[in-house]
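Participant: Contents of entry_1.txt (compact mmCIF, C-alpha atoms and all ligand atoms) are given next:
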```txt
# COMPACT_ATOMS: atom_id res chain seq x y z
CA MET A 6 152.42 -17.36 131.11
CA ILE A 7 152.25 -15.87 127.63
CA GLU A 8 151.72 -19.32 126.15
CA LEU A 9 148.96 -20.03 128.62
CA ILE A 10 147.20 -16.75 127.80
CA ASN A 11 147.45 -17.56 124.08
CA LYS A 12 145.96 -20.97 124.82
CA LEU A 13 143.11 -19.38 126.81
CA GLU A 14 142.37 -17.02 123.93
CA LYS A 15 142.36 -19.83 121.38
CA GLU A 16 140.51 -22.50 123.33
CA ARG A 17 138.35 -20.27 125.54
CA GLY A 18 139.16 -22.44 128.48
CA LEU A 19 141.93 -23.97 130.58
CA THR A 20 142.24 -26.80 133.06
CA LEU A 21 141.70 -26.08 136.76
CA ASP A 22 145.47 -26.31 137.33
CA GLU A 23 146.16 -23.91 134.50
CA TYR A 24 143.68 -21.34 135.80
CA GLU A 25 145.27 -21.62 139.23
CA PHE A 26 148.74 -21.18 137.72
CA LEU A 27 147.57 -18.11 135.80
CA ILE A 28 146.36 -16.50 139.03
CA GLU A 29 149.22 -17.65 141.24
CA ASN A 30 151.95 -16.44 138.91
CA ARG A 31 150.40 -13.23 137.68
CA ASN A 32 152.59 -10.20 137.20
CA GLU A 33 152.29 -6.82 135.56
CA GLU A 34 153.42 -8.06 132.18
CA ALA A 35 150.88 -10.89 132.13
CA ALA A 36 148.10 -8.55 133.28
CA LYS A 37 148.91 -6.12 130.49
CA PHE A 38 149.03 -8.85 127.86
CA LEU A 39 145.73 -10.32 129.10
CA ALA A 40 144.00 -6.94 129.18
CA GLU A 41 145.13 -6.13 125.62
CA LYS A 42 143.71 -9.40 124.37
CA ALA A 43 140.51 -8.97 126.39
CA VAL A 44 139.93 -5.44 125.09
CA LYS A 45 140.53 -6.61 121.52
CA LYS A 46 137.91 -9.35 121.95
CA ARG A 47 135.38 -7.03 123.57
CA LYS A 48 135.86 -4.55 120.73
CA GLU A 49 135.25 -7.26 118.12
CA VAL A 50 131.84 -7.93 119.70
CA TYR A 51 130.75 -4.65 121.32
CA GLY A 52 133.03 -2.05 119.72
CA ASN A 53 133.69 0.91 122.00
CA ASP A 54 130.13 0.88 123.32
CA VAL A 55 129.51 0.82 127.05
CA TYR A 56 126.02 -0.33 127.99
CA ILE A 57 124.36 1.27 130.99
CA ARG A 58 121.86 -0.29 133.38
CA GLY A 59 119.72 1.69 135.79
CA LEU A 60 119.99 -0.02 139.15
CA ILE A 61 116.91 0.23 141.36
CA GLU A 62 117.39 -1.15 144.86
CA ILE A 63 113.81 -2.13 145.59
CA SER A 64 114.10 -3.47 149.15
CA ASN A 65 116.73 -4.13 151.79
CA ILE A 66 114.50 -6.52 153.70
CA CYS A 67 116.01 -9.99 153.51
CA LYS A 68 115.20 -13.37 155.00
CA LYS A 69 118.74 -14.61 154.36
CA ASP A 70 121.66 -14.15 156.70
CA CYS A 71 124.71 -14.29 154.38
CA HIS A 72 127.78 -13.70 156.56
CA TYR A 73 129.27 -11.02 154.30
CA CYS A 74 126.23 -8.88 153.56
CA GLY A 75 125.21 -5.64 155.29
CA ILE A 76 121.49 -6.18 154.67
CA ARG A 77 121.47 -9.73 156.05
CA ARG A 78 118.50 -10.60 158.26
CA GLY A 79 120.46 -10.53 161.50
CA ASN A 80 121.78 -6.98 161.14
CA LYS A 81 119.76 -5.05 163.70
CA ASN A 82 121.46 -1.78 162.75
CA CYS A 83 120.13 -1.87 159.21
CA GLU A 84 117.22 0.50 158.73
CA ARG A 85 114.80 -1.37 156.50
CA TYR A 86 112.79 -0.05 153.55
CA ARG A 87 110.83 -1.29 150.58
CA LEU A 88 109.87 0.70 147.46
CA THR A 89 106.27 0.67 146.23
CA ASN A 90 105.35 -0.18 142.64
CA GLU A 91 104.78 3.56 142.06
CA GLN A 92 108.20 4.45 143.45
CA ILE A 93 109.87 1.83 141.24
CA LEU A 94 108.07 3.18 138.21
CA SER A 95 109.07 6.72 139.01
CA CYS A 96 112.73 5.59 139.09
CA CYS A 97 112.17 4.29 135.53
CA ASP A 98 110.51 7.62 134.64
CA GLU A 99 113.68 9.34 135.75
CA GLY A 100 115.98 6.91 133.96
CA TYR A 101 114.25 6.68 130.59
CA PRO A 102 114.86 10.28 129.44
CA LEU A 103 118.46 9.95 130.61
CA GLY A 104 118.90 7.10 128.11
CA PHE A 105 118.48 4.03 130.31
CA ARG A 106 116.93 1.12 128.43
CA THR A 107 117.52 -1.56 131.07
CA PHE A 108 116.19 -1.41 134.59
CA VAL A 109 117.72 -3.75 137.12
CA LEU A 110 115.46 -4.45 140.09
CA GLN A 111 117.65 -5.69 142.90
CA GLY A 112 116.76 -6.44 146.47
CA GLY A 113 116.97 -8.66 149.46
CA GLU A 114 114.81 -11.78 149.60
CA ASP A 115 111.76 -9.94 150.81
CA ALA A 116 108.67 -12.14 151.31
CA PHE A 117 106.48 -9.19 150.35
CA PHE A 118 107.64 -9.67 146.76
CA THR A 119 105.29 -12.50 145.88
CA ASP A 120 105.19 -13.73 142.30
CA ASP A 121 101.98 -11.80 141.66
CA TYR A 122 103.46 -8.60 143.02
CA VAL A 123 106.70 -8.84 141.05
CA CYS A 124 104.73 -9.73 137.89
CA GLU A 125 102.64 -6.61 138.43
CA VAL A 126 105.80 -4.49 138.70
CA ILE A 127 107.26 -6.08 135.56
CA ASN A 128 103.95 -5.47 133.72
CA SER A 129 103.81 -1.85 134.68
CA ILE A 130 107.39 -1.20 133.52
CA LYS A 131 106.97 -3.18 130.31
CA SER A 132 103.69 -1.52 129.36
CA LYS A 133 105.08 1.96 129.88
CA TYR A 134 108.52 1.21 128.43
CA PRO A 135 108.17 -1.65 125.93
CA ASP A 136 111.57 -0.87 124.44
CA CYS A 137 113.32 -1.54 127.74
CA ALA A 138 114.68 -4.69 129.32
CA VAL A 139 113.89 -5.68 132.87
CA THR A 140 116.60 -7.47 134.81
CA LEU A 141 115.75 -9.03 138.15
CA SER A 142 118.14 -9.76 140.99
CA LEU A 143 115.90 -11.01 143.75
CA GLY A 144 117.74 -14.09 144.90
CA GLU A 145 116.67 -17.71 145.05
CA ARG A 146 113.11 -18.64 144.07
CA SER A 147 111.41 -21.82 142.83
CA PHE A 148 111.36 -22.90 139.19
CA GLU A 149 107.65 -22.09 139.07
CA SER A 150 108.27 -18.63 140.43
CA TYR A 151 111.05 -17.87 137.93
CA GLU A 152 108.74 -19.19 135.20
CA LYS A 153 106.00 -16.74 136.15
CA LEU A 154 108.45 -13.83 136.20
CA ARG A 155 109.80 -14.84 132.81
CA LYS A 156 106.29 -15.13 131.36
CA ALA A 157 105.48 -11.68 132.75
CA GLY A 158 108.28 -10.34 130.56
CA ALA A 159 111.44 -10.22 132.68
CA ASP A 160 114.40 -10.53 130.32
CA ARG A 161 117.42 -11.13 132.49
CA TYR A 162 118.23 -12.45 135.96
CA LEU A 163 121.35 -11.88 138.03
CA LEU A 164 122.15 -14.45 140.67
CA ARG A 165 125.78 -14.56 141.66
CA HIS A 166 126.88 -18.10 142.41
CA GLU A 167 129.21 -16.48 145.04
CA THR A 168 131.72 -19.35 144.83
CA ALA A 169 131.85 -22.57 142.83
CA ASP A 170 133.42 -24.44 145.75
CA LYS A 171 130.87 -26.04 148.06
CA GLU A 172 133.07 -25.92 151.16
CA HIS A 173 133.85 -22.26 150.53
CA TYR A 174 130.14 -21.57 150.01
CA GLU A 175 129.44 -23.08 153.41
CA LYS A 176 131.96 -20.76 155.06
CA LEU A 177 130.31 -17.71 153.53
CA HIS A 178 126.75 -18.68 154.43
CA PRO A 179 124.83 -20.05 157.41
CA SER A 180 123.84 -23.71 157.33
CA ASP A 181 120.29 -23.10 156.09
CA LEU A 182 121.66 -21.89 152.74
CA SER A 183 122.57 -24.47 150.18
CA PHE A 184 125.22 -24.40 147.47
CA ASP A 185 123.29 -27.00 145.51
CA ASN A 186 120.12 -24.93 145.54
CA ARG A 187 121.98 -21.82 144.36
CA MET A 188 123.41 -23.80 141.45
CA GLU A 189 120.01 -25.35 140.72
CA CYS A 190 118.46 -21.87 140.58
CA LEU A 191 121.05 -20.78 138.02
CA LYS A 192 120.33 -23.81 135.86
CA ASN A 193 116.59 -23.14 136.08
CA LEU A 194 117.03 -19.52 135.05
CA LYS A 195 118.96 -20.58 131.99
CA LYS A 196 116.42 -23.27 131.14
CA LEU A 197 113.67 -20.64 131.23
CA GLY A 198 115.46 -18.48 128.69
CA PHE A 199 116.55 -15.64 130.94
CA GLN A 200 119.81 -13.96 129.97
CA THR A 201 121.43 -15.31 133.10
CA GLY A 202 124.17 -13.76 135.20
CA CYS A 203 126.35 -15.48 137.77
CA GLY A 204 129.34 -14.02 139.58
CA PHE A 205 131.38 -13.80 142.75
CA MET A 206 133.23 -11.49 145.10
CA VAL A 207 136.98 -11.22 144.62
CA GLY A 208 138.85 -11.59 147.91
CA SER A 209 135.94 -12.98 149.90
CA PRO A 210 136.98 -14.60 153.20
CA TYR A 211 138.47 -18.09 152.73
CA GLN A 212 138.78 -17.64 148.97
CA THR A 213 141.93 -19.21 147.51
CA ASN A 214 143.44 -19.37 144.05
CA LYS A 215 142.00 -22.90 143.88
CA THR A 216 138.46 -21.71 144.55
CA ILE A 217 138.85 -18.91 141.98
CA ALA A 218 140.05 -21.50 139.45
CA LYS A 219 136.78 -23.36 140.13
CA ASP A 220 134.81 -20.14 139.59
CA LEU A 221 136.48 -19.69 136.21
CA LYS A 222 135.85 -23.30 135.24
CA PHE A 223 132.21 -22.90 136.26
CA ILE A 224 131.87 -19.79 134.09
CA GLU A 225 133.54 -21.62 131.19
CA GLU A 226 131.10 -24.53 131.46
CA PHE A 227 127.88 -22.77 132.49
CA LYS A 228 128.25 -20.14 129.75
CA PRO A 229 126.31 -17.34 131.44
CA GLU A 230 125.24 -14.34 129.36
CA MET A 231 126.37 -12.02 132.17
CA CYS A 232 128.87 -12.18 134.98
CA GLY A 233 129.16 -9.79 137.93
CA ILE A 234 132.45 -9.82 139.77
CA GLY A 235 133.59 -7.17 142.20
CA PRO A 236 135.86 -6.95 145.21
CA PHE A 237 134.62 -8.14 148.58
CA ILE A 238 134.33 -5.13 150.88
CA PRO A 239 133.76 -5.74 154.60
CA HIS A 240 130.65 -4.41 156.31
CA LYS A 241 131.02 -3.19 159.90
CA ASP A 242 128.01 -5.16 161.19
CA THR A 243 129.03 -8.59 159.90
CA ILE A 244 131.30 -11.32 161.25
CA PHE A 245 133.65 -10.55 158.37
CA LYS A 246 134.11 -6.94 159.44
CA ASP A 247 137.86 -7.34 160.02
CA TYR A 248 138.63 -9.21 156.81
CA PRO A 249 140.60 -7.34 154.15
CA THR A 250 139.00 -5.75 151.11
CA GLY A 251 139.50 -7.57 147.81
CA SER A 252 141.95 -6.12 145.34
CA VAL A 253 141.25 -3.96 142.30
CA GLU A 254 144.25 -5.50 140.57
CA LEU A 255 143.02 -9.11 140.91
CA THR A 256 139.45 -8.12 140.01
CA CYS A 257 140.67 -6.54 136.76
CA TYR A 258 142.92 -9.51 136.00
CA LEU A 259 139.91 -11.82 136.39
CA LEU A 260 137.70 -9.58 134.25
CA SER A 261 140.24 -10.01 131.44
CA ILE A 262 140.30 -13.79 131.87
CA ILE A 263 136.49 -13.96 131.84
CA ARG A 264 136.36 -11.86 128.65
CA LEU A 265 138.71 -14.36 126.98
CA ILE A 266 136.66 -17.33 128.19
CA SER A 267 133.54 -15.70 126.77
CA PRO A 268 134.12 -12.85 124.30
CA ASP A 269 130.41 -11.96 124.10
CA ILE A 270 129.67 -11.95 127.84
CA LEU A 271 128.01 -8.90 129.40
CA LEU A 272 130.56 -7.91 132.02
CA PRO A 273 130.04 -5.00 134.39
CA ALA A 274 132.66 -2.81 135.98
CA THR A 275 130.84 -3.03 139.31
CA THR A 276 129.90 -0.46 141.94
CA ALA A 277 132.16 -2.28 144.40
CA LEU A 278 135.12 -1.68 142.07
CA GLY A 279 134.21 2.01 141.85
CA SER A 280 133.75 2.16 145.63
CA ILE A 281 137.34 1.21 146.50
CA ASP A 282 139.14 3.06 143.73
CA PRO A 283 138.19 6.46 142.31
CA ILE A 284 139.02 5.16 138.83
CA GLY A 285 137.95 1.57 139.50
CA ARG A 286 135.18 1.68 136.89
CA GLU A 287 137.60 2.89 134.23
CA LYS A 288 140.11 0.20 135.20
CA GLY A 289 137.37 -2.41 134.83
CA ILE A 290 136.44 -1.20 131.35
CA LEU A 291 140.10 -1.16 130.32
CA ALA A 292 140.42 -4.75 131.52
CA GLY A 293 137.56 -5.92 129.27
CA ALA A 294 134.28 -5.00 130.99
CA ASN A 295 131.52 -3.42 128.88
CA ILE A 296 128.75 -2.45 131.34
CA VAL A 297 128.25 0.12 134.09
CA MET A 298 125.25 0.17 136.39
CA PRO A 299 124.56 3.64 137.76
CA ASN A 300 122.15 3.92 140.65
CA LEU A 301 118.58 5.08 139.98
CA SER A 302 117.26 4.42 143.50
CA PRO A 303 115.69 7.24 145.53
CA GLU A 304 118.26 9.00 147.77
CA ASP A 305 116.86 7.52 150.97
CA ALA A 306 117.01 3.97 149.59
CA LYS A 307 120.60 4.46 148.39
CA LYS A 308 121.65 5.32 151.93
CA LYS A 309 119.94 2.27 153.39
CA TYR A 310 121.04 -0.31 150.80
CA THR A 311 124.42 -0.71 152.45
CA LEU A 312 125.82 -4.05 151.39
CA TYR A 313 129.33 -3.03 152.50
CA ASN A 314 131.17 -0.08 154.05
CA ASN A 315 131.36 3.15 152.02
CA LYS A 316 129.28 1.89 149.10
CA LEU A 317 129.42 4.47 146.34
CA SER A 318 126.16 6.00 145.12
CA SER A 319 127.11 9.59 144.37
CA GLY A 320 129.10 11.23 141.58
CA ALA A 321 129.21 9.23 138.36
CA GLU A 322 127.61 6.32 140.21
CA ALA A 323 124.33 8.28 140.41
CA ALA A 324 122.22 7.84 137.29
CA ALA A 325 121.28 11.52 137.41
CA ASN A 326 124.95 12.34 136.78
CA LYS A 327 125.12 10.37 133.56
CA ARG A 328 126.93 13.25 131.87
CA MET A 329 129.80 12.82 134.33
CA LEU A 330 130.00 9.11 133.55
CA GLU A 331 129.95 9.86 129.83
CA GLU A 332 132.93 12.19 130.26
CA LYS A 333 134.84 9.58 132.22
CA MET A 334 134.22 6.91 129.59
CA LYS A 335 135.06 9.30 126.77
CA ALA A 336 138.36 10.12 128.44
CA ILE A 337 139.40 6.47 128.13
CA GLY A 338 138.09 6.08 124.56
CA TYR A 339 134.65 4.56 125.20
CA LYS A 340 131.10 5.65 124.52
CA ILE A 341 127.97 5.30 126.67
CA VAL A 342 125.13 4.25 124.37
CA THR A 343 121.34 4.40 124.58
CA ASN A 344 120.65 0.79 123.75
CA ILE A 345 118.74 -2.09 125.30
CA GLY A 346 122.16 -3.74 125.51
CA ASN A 347 121.23 -7.36 124.99
CA HIS A 348 123.75 -10.15 124.98
CA LYS A 349 125.11 -10.69 121.47
CA LYS A 350 124.91 -14.42 120.95
CA GLY A 351 127.34 -16.61 119.13
CA ASN A 352 130.52 -14.57 119.15
N1 LIG B 1 119.42 -11.05 147.30
C1 LIG B 1 119.89 -11.17 145.96
C2 LIG B 1 120.90 -12.29 145.84
O1 LIG B 1 121.26 -12.88 146.85
O2 LIG B 1 121.32 -12.60 144.73
C3 LIG B 1 120.45 -9.89 145.39
C4 LIG B 1 121.01 -8.89 146.33
S1 LIG B 1 122.62 -9.32 146.97
C5 LIG B 1 122.80 -8.08 148.18
C6 LIG B 1 123.67 -8.83 145.62
C7 LIG B 1 125.12 -9.19 145.70
O3 LIG B 1 125.82 -8.29 146.57
C8 LIG B 1 125.47 -10.54 146.24
O4 LIG B 1 125.33 -11.51 145.26
C9 LIG B 1 126.92 -10.36 146.74
O5 LIG B 1 127.86 -10.96 145.85
C10 LIG B 1 127.09 -8.84 146.79
N2 LIG B 1 127.57 -8.44 148.13
C11 LIG B 1 126.95 -8.61 149.31
N3 LIG B 1 127.75 -8.23 150.33
C12 LIG B 1 128.90 -7.81 149.78
C13 LIG B 1 130.14 -7.32 150.31
N4 LIG B 1 130.33 -7.23 151.62
N5 LIG B 1 131.11 -6.96 149.44
C14 LIG B 1 130.92 -7.06 148.10
N6 LIG B 1 129.80 -7.53 147.55
C15 LIG B 1 128.80 -7.90 148.37
```
Step by step, read the file and then write its structure as structure tokens.
Facilitator:
Amino acid sequence: MIELINKLEKERGLTLDEYEFLIENRNEEAAKFLAEKAVKKRKEVYGNDVYIRGLIEISNICKKDCHYCGIRRGNKNCERYRLTNEQILSCCDEGYPLGFRTFVLQGGEDAFFTDDYVCEVINSIKSKYPDCAVTLSLGERSFESYEKLRKAGADRYLLRHETADKEHYEKLHPSDLSFDNRMECLKNLKKLGFQTGCGFMVGSPYQTNKTIAKDLKFIEEFKPEMCGIGPFIPHKDTIFKDYPTGSVELTCYLLSIIRLISPDILLPATTALGSIDPIGREKGILAGANIVMPNLSPEDAKKKYTLYNNKLSSGAEAAANKRMLEEKMKAIGYKIVTNIGNHKKGN
């Protein structure tokens, strides 16, 4: 194991079989060794800085019916909402003085968000806050659509690939959703110059060590600027309601591996990690993550944007409680910074 981890550090990649072996045979000693190496790499690139992103959940209306997701189209118990341009801007108004310099607009695939509308939202944020980055996470759109959003000034785009195994993808999604299209979207985003983020849920139904090995290989080859991984957490109104929650331990182990594959990657300790473990965020940072994404959404939206059971949005997860988050990060030796937090290329 130690030799394999040294190889990963040196070559920034492994074969599919080696990745699988690394996951299959993990133990406490290997996890510790990996995390030490990952933290060393992250410090070489980002020091002790933790970048923050203000997450604004702009709509929970979605035309997709992903089997795992609480805001999927078919969930009749989900109370729907959509924020107006003014409401989105007032979230930014709240976040800016708190030190947020990136706003992440995330939502379901809501047909109301036409290209023109999203461009207008981007324009209004960028003209009021030109020193801030806008990240979008609005799902699959056409090349032309992504191009318009990019031209309007969006800087980054998060689109988790969900799984790099086509068969697995088809078990997580209904038949009208296509693995190939998801992958095509990611390629298009990169082509258009977005800082692009992929990612997946750890412990999603039907996931195996083989499919995770494929995820890691995909990350190694695609070279995303960002990668969001967090545990799968069941939602009561989905067909996966009785499946087990993903593990904090494996999520952290994978965060360390991803940091070694790509030392300069922007890697969040996700809300899902914080939702299943009171010190999940801290564990993520100590495994090699360098981002946290506190929630800037209005209270009512936070309650309705329920992707999974017991999703955290209070305490240090609320942007308004940034001080609390600062204390938590300080306690483990890290510092929240007021910084646009761009990807540092070439490390
Ligand atoms: N609609 C956009 C998209 O598909 O990329 C963005 C919103 S979507 C709700 C954001 C992410 O939430 C998904 O990519 C998925 O990985 C994650 N997610 C959804 N349901 C989840 C669950 N039950 N547990 C953990 N993460 C979940």
Participant: Could you produce a table of the residues of region 129-206 of chain A lying within 12 Å of region 273-296 of chain A, with the nearest pair of atoms per residue and their separation in Å rounded to one decimal, using only C-alpha atoms, ordered by chain and increasing residue number, as a tab-separated table?
Facilitator:
```
residue	atom	partner	partner_atom	distance
A:Leu163	CA	A:Pro273	CA	11.7
A:Gly202	CA	A:Pro273	CA	10.6
A:Cys203	CA	A:Pro273	CA	11.6
A:Gly204	CA	A:Pro273	CA	10.4
A:Phe205	CA	A:Thr275	CA	11.3
A:Met206	CA	A:Ala277	CA	9.3
```
Participant: Go ahead and save the picked residues with C-alpha atoms, as an mmCIF file, keeping the file's coordinate frame.
Facilitator:
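Writing done, so here's again.cif:
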```cif
data_model
loop_
_atom_site.group_PDB
_atom_site.id
_atom_site.type_symbol
_atom_site.label_atom_id
_atom_site.label_comp_id
_atom_site.auth_asym_id
_atom_site.auth_seq_id
_atom_site.Cartn_x
_atom_site.Cartn_y
_atom_site.Cartn_z
ATOM 1 C CA LEU A 163 121.350 -11.880 138.030
ATOM 2 C CA GLY A 202 124.170 -13.760 135.200
ATOM 3 C CA CYS A 203 126.350 -15.480 137.770
ATOM 4 C CA GLY A 204 129.340 -14.020 139.580
ATOM 5 C CA PHE A 205 131.380 -13.800 142.750
ATOM 6 C CA MET A 206 133.230 -11.490 145.100
#
```
Participant: Near Glu145 (chain A), counting all atoms listed in the file, which residues have an atom at most 9 Å away, once you skip same-chain residues fewer than 6 positions from it, shown as a list of chain:residue names?
Facilitator: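 Counting all atoms listed in the file, the residues come to A:Glu114, A:Leu164, A:Asn186, A:Arg187, A:Cys190, A:Leu191.
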Participant: Could the residues in this selection be saved with C-alpha atoms as a PDB file, in the frame of the given file?
Facilitator:
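Listing of part06.pdb after writing:
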```pdb
ATOM      1  CA  GLU A 114     114.810 -11.780 149.600  1.00  0.00           C
ATOM      2  CA  LEU A 164     122.150 -14.450 140.670  1.00  0.00           C
ATOM      3  CA  ASN A 186     120.120 -24.930 145.540  1.00  0.00           C
ATOM      4  CA  ARG A 187     121.980 -21.820 144.360  1.00  0.00           C
ATOM      5  CA  CYS A 190     118.460 -21.870 140.580  1.00  0.00           C
ATOM      6  CA  LEU A 191     121.050 -20.780 138.020  1.00  0.00           C
TER       7      LEU A 191
END
```
Participant: Please identify all protein, DNA and RNA residues within 7 Å of ligand LIG 1 (chain B), counting only C-alpha atoms and all ligand atoms, and report them as a count of residues only.
Facilitator: 27
Participant: I'd like the interatomic distance between CA of Glu91 (chain A) and CA of Lys156 (chain A), to a tenth of an Å.
Facilitator: 21.6 Å
Participant: Can you build me a table of region 62-103 of chain A residues sitting at most 12 Å from region 327-346 of chain A, with the closest atom pair per residue and its distance in Å to one decimal, using only C-alpha atoms, sorted by chain and residue number, as CSV?
Facilitator:
```
residue,atom,partner,partner_atom,distance
A:Glu99,CA,A:Lys327,CA,11.7
A:Gly100,CA,A:Lys327,CA,9.8
A:Tyr101,CA,A:Thr343,CA,9.6
A:Pro102,CA,A:Thr343,CA,10.0
A:Leu103,CA,A:Lys327,CA,7.3
```
Participant: Which one of A:Ile224, A:Tyr86, A:Thr213, A:Val207 sits closest to Gly251 (chain A) if you count all atoms listed in the file?
Facilitator: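 Closest residue, counting all atoms listed in the file: A:Val207.
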Participant: Name all residues at most 8 Å from Asp242 (chain A) (count all atoms listed in the file; drop same-chain ones fewer than 3 positions away) and give them as number ranges by chain.
Facilitator: A: 75, 80, 82, 246
Participant: Suppose you want the space between CA of Glu41 (chain A) and CA of Glu25 (chain A); what is it in Å?
Facilitator: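 Computing the Euclidean distance for CA of Glu41 (chain A) and CA of Glu25 (chain A) yields 20.6 Å.
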Participant: Measuring atom to atom with only C-alpha atoms, identify which of A:Cys232, A:Ala35, A:Leu221, A:Leu154 is nearest to Ala169 (chain A).
Facilitator: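 Closest to Ala169 (chain A) of all the choices is A:Leu221.
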Participant: Would you mind reading off the distance between CA of Glu175 (chain A) and CA of Phe227 (chain A), one decimal, in Å?
Facilitator: 21.0 Å
Participant: Given only C-alpha atoms as the basis, pick out the residue of A:Ile61, A:Leu265, A:Val126, A:Leu13 nearest to Phe105 (chain A).
Facilitator: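 Among the listed residues, A:Ile61 lies closest to Phe105 (chain A).
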Participant: For each of A:Cys71, A:Leu60, A:Ala138, A:Ala218, take the minimum atom-to-atom distance to Ile244 (chain A), counting all atoms listed in the file, then give the residue where this is smallest.
Facilitator: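 Looking at the shortest contact to Ile244 (chain A), the residue is A:Cys71.
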